[in-house]
Amino acid sequence: LLKQIMDVVGAVTLLCPVVLFGEQFGAFEPRRKAYFYHFTYRSKKNNVWPDWFGVGHSSELFYVFGKPLKYREQFDDIDRALSNDVIRIWTTFAKTGVPPLPSNVIGKQWPLYNQSHPNHVIINPLKASIKHDAPKDGICNKWRLSVEL
């Protein structure tokens, strides 16, 4: 029960507002491009929460700032490779405005995110992919009805 409550709280307070913002970001100005990702990897080395908690908000920052690369002996090859990949994604996006796909995703380019095409990339070294529906869509659809823009 606690996990279900945390899933709803996380979706309503963090995920759904980001989903709605992403949908609306380019709706009135087609030149605006939105890209969306969902970081789903839970490292054995970066866990301060119990297993049922899943992957917490901002968990990717551990990799963005290269902790597995700085403290190599404390981390495995998966964590180090993921850190290199996330750093590459963020820095390329900062330089070009277009993120590259994670190295373990087959595809030509990161798809745009908008209301009619809620494409997003799952960042996970074990099961990365491109999804074509919004994360937690059921919860966010209910939440969306209560928000007026």
# chains A, B, ... in the order shown; residues from 1 in each chain; ligands from 1
call {"tool": "select_by_dssp", "arguments": {"residues": "range 12-50 of chain A", "states": "helix (DSSP H, G or I)", "output": "PyMOL selection string"}}
result
chain A and resi 12-25
call {"tool": "write_last_selection", "arguments": {"atoms": "N, CA and C atoms", "output": "PDB file, in the first residue's frame"}}
result
ATOM      1  N   VAL A  12       1.758  12.758  -9.127  1.00  0.00           N
ATOM      2  CA  VAL A  12       0.979  13.995  -9.036  1.00  0.00           C
ATOM      3  C   VAL A  12       1.861  15.209  -8.745  1.00  0.00           C
ATOM      4  N   THR A  13       2.905  15.044  -7.943  1.00  0.00           N
ATOM      5  CA  THR A  13       3.730  16.199  -7.570  1.00  0.00           C
ATOM      6  C   THR A  13       4.906  16.441  -8.496  1.00  0.00           C
ATOM      7  N   LEU A  14       5.404  15.408  -9.165  1.00  0.00           N
ATOM      8  CA  LEU A  14       6.592  15.575 -10.003  1.00  0.00           C
ATOM      9  C   LEU A  14       6.342  15.235 -11.466  1.00  0.00           C
ATOM     10  N   LEU A  15       5.939  14.018 -11.725  1.00  0.00           N
ATOM     11  CA  LEU A  15       5.874  13.537 -13.101  1.00  0.00           C
ATOM     12  C   LEU A  15       4.765  14.205 -13.926  1.00  0.00           C
ATOM     13  N   CYS A  16       3.559  14.228 -13.423  1.00  0.00           N
ATOM     14  CA  CYS A  16       2.447  14.778 -14.215  1.00  0.00           C
ATOM     15  C   CYS A  16       2.631  16.258 -14.562  1.00  0.00           C
ATOM     16  N   PRO A  17       3.099  17.106 -13.648  1.00  0.00           N
ATOM     17  CA  PRO A  17       3.356  18.492 -14.058  1.00  0.00           C
ATOM     18  C   PRO A  17       4.397  18.598 -15.175  1.00  0.00           C
ATOM     19  N   VAL A  18       5.415  17.750 -15.148  1.00  0.00           N
ATOM     20  CA  VAL A  18       6.431  17.765 -16.206  1.00  0.00           C
ATOM     21  C   VAL A  18       5.829  17.273 -17.519  1.00  0.00           C
ATOM     22  N   VAL A  19       5.017  16.236 -17.459  1.00  0.00           N
ATOM     23  CA  VAL A  19       4.344  15.719 -18.656  1.00  0.00           C
ATOM     24  C   VAL A  19       3.474  16.813 -19.272  1.00  0.00           C
ATOM     25  N   LEU A  20       2.672  17.484 -18.454  1.00  0.00           N
ATOM     26  CA  LEU A  20       1.794  18.541 -18.958  1.00  0.00           C
ATOM     27  C   LEU A  20       2.608  19.698 -19.542  1.00  0.00           C
ATOM     28  N   PHE A  21       3.674  20.080 -18.876  1.00  0.00           N
ATOM     29  CA  PHE A  21       4.530  21.146 -19.396  1.00  0.00           C
ATOM     30  C   PHE A  21       5.117  20.743 -20.748  1.00  0.00           C
ATOM     31  N   GLY A  22       5.604  19.507 -20.849  1.00  0.00           N
ATOM     32  CA  GLY A  22       6.166  19.030 -22.113  1.00  0.00           C
ATOM     33  C   GLY A  22       5.156  19.049 -23.243  1.00  0.00           C
ATOM     34  N   GLU A  23       3.920  18.693 -22.920  1.00  0.00           N
ATOM     35  CA  GLU A  23       2.860  18.710 -23.935  1.00  0.00           C
ATOM     36  C   GLU A  23       2.559  20.124 -24.411  1.00  0.00           C
ATOM     37  N   GLN A  24       2.559  21.064 -23.486  1.00  0.00           N
ATOM     38  CA  GLN A  24       2.182  22.436 -23.811  1.00  0.00           C
ATOM     39  C   GLN A  24       3.344  23.283 -24.327  1.00  0.00           C
ATOM     40  N   PHE A  25       4.566  22.863 -24.072  1.00  0.00           N
ATOM     41  CA  PHE A  25       5.752  23.662 -24.394  1.00  0.00           C
ATOM     42  C   PHE A  25       5.781  24.098 -25.853  1.00  0.00           C
TER      43      PHE A  25
END
call {"tool": "closest_atom_pairs", "arguments": {"of": "range 97-125 of chain A", "to": "range 75-91 of chain A", "cutoff": "7 Å", "atoms": "only C-alpha atoms", "output": "JSON lines"}}
result
{"residue": "A:Pro99", "atom": "CA", "partner": "A:Ile89", "partner_atom": "CA", "distance": 5.4}
{"residue": "A:Pro100", "atom": "CA", "partner": "A:Ile89", "partner_atom": "CA", "distance": 5.6}
{"residue": "A:Pro102", "atom": "CA", "partner": "A:Asp85", "partner_atom": "CA", "distance": 6.2}
{"residue": "A:Ser103", "atom": "CA", "partner": "A:Asp85", "partner_atom": "CA", "distance": 6.7}
{"residue": "A:Pro125", "atom": "CA", "partner": "A:Leu82", "partner_atom": "CA", "distance": 6.2}
call {"tool": "write_last_selection", "arguments": {"atoms": "C-alpha atoms", "output": "compact mmCIF listing (two decimals), in the first residue's frame"}}
result
# COMPACT_ATOMS: atom_id res chain seq x y z
CA PRO A 99 20.07 14.83 -27.13
CA PRO A 100 21.68 11.70 -28.58
CA PRO A 102 21.56 6.26 -25.02
CA SER A 103 24.24 3.97 -26.41
CA PRO A 125 21.67 0.36 -18.99
call {"tool": "closest_residue", "arguments": {"among": "A:Gly56, A:Pro50, A:Gly138, A:Gly66", "to": "His38 in chain A", "atoms": "only C-alpha atoms"}}
result
A:Gly56
call {"tool": "closest_residue", "arguments": {"among": "A:Trp52, A:Lys70, A:Ala34, A:Lys44", "to": "Leu2 in chain A", "atoms": "only C-alpha atoms"}}
result
A:Trp52
call {"tool": "closest_residue", "arguments": {"among": "A:Tyr37, A:Phe28, A:Tyr71, A:His57", "to": "Val121 in chain A", "atoms": "only C-alpha atoms"}}
result
A:Tyr37
call {"tool": "select_by_dssp", "arguments": {"residues": "range 59-141 of chain A", "states": "strand (DSSP E or B)", "output": "list in words"}}
result
Tyr113, Pro118, His120, Val121, Ile122, Ile123, Ser129, Ile130 and Lys131 of chain A
call {"tool": "write_last_selection", "arguments": {"atoms": "N, CA and C atoms", "output": "compact mmCIF listing (two decimals), in the first residue's frame"}}
result
# COMPACT_ATOMS: atom_id res chain seq x y z
N TYR A 113 8.88 15.17 -28.05
CA TYR A 113 7.77 14.91 -27.14
C TYR A 113 6.73 16.01 -27.30
N PRO A 118 3.57 11.51 -27.47
CA PRO A 118 4.26 11.55 -26.19
C PRO A 118 5.44 10.56 -26.12
N HIS A 120 9.03 9.17 -25.41
CA HIS A 120 10.07 9.42 -24.41
C HIS A 120 11.04 8.26 -24.40
N VAL A 121 12.23 8.55 -23.90
CA VAL A 121 13.30 7.56 -23.87
C VAL A 121 13.46 7.06 -22.44
N ILE A 122 13.53 5.76 -22.30
CA ILE A 122 13.84 5.15 -21.01
C ILE A 122 15.35 5.03 -20.93
N ILE A 123 15.95 5.67 -19.92
CA ILE A 123 17.39 5.56 -19.72
C ILE A 123 17.63 4.52 -18.64
N SER A 129 14.97 2.05 -23.89
CA SER A 129 14.07 1.92 -25.04
C SER A 129 13.44 3.27 -25.37
N ILE A 130 12.74 3.29 -26.47
CA ILE A 130 11.92 4.44 -26.84
C ILE A 130 10.47 4.03 -26.65
N LYS A 131 9.73 4.80 -25.88
CA LYS A 131 8.31 4.54 -25.63
C LYS A 131 7.48 5.58 -26.37
call {"tool": "atom_distance", "arguments": {"atom1": "CA of Asn124 in chain A", "atom2": "CA of Tyr41 in chain A"}}
result
4.9 Å
call {"tool": "atom_distance", "arguments": {"atom1": "CA of Ala94 in chain A", "atom2": "CA of Gln109 in chain A"}}
result
15.9 Å
call {"tool": "closest_residue", "arguments": {"among": "A:Val98, A:Leu126, A:Ile106, A:Cys140", "to": "Phe36 in chain A", "atoms": "only C-alpha atoms"}}
result
A:Val98
call {"tool": "atom_distance", "arguments": {"atom1": "CA of His132 in chain A", "atom2": "CA of Tyr35 in chain A"}}
result
12.4 Å
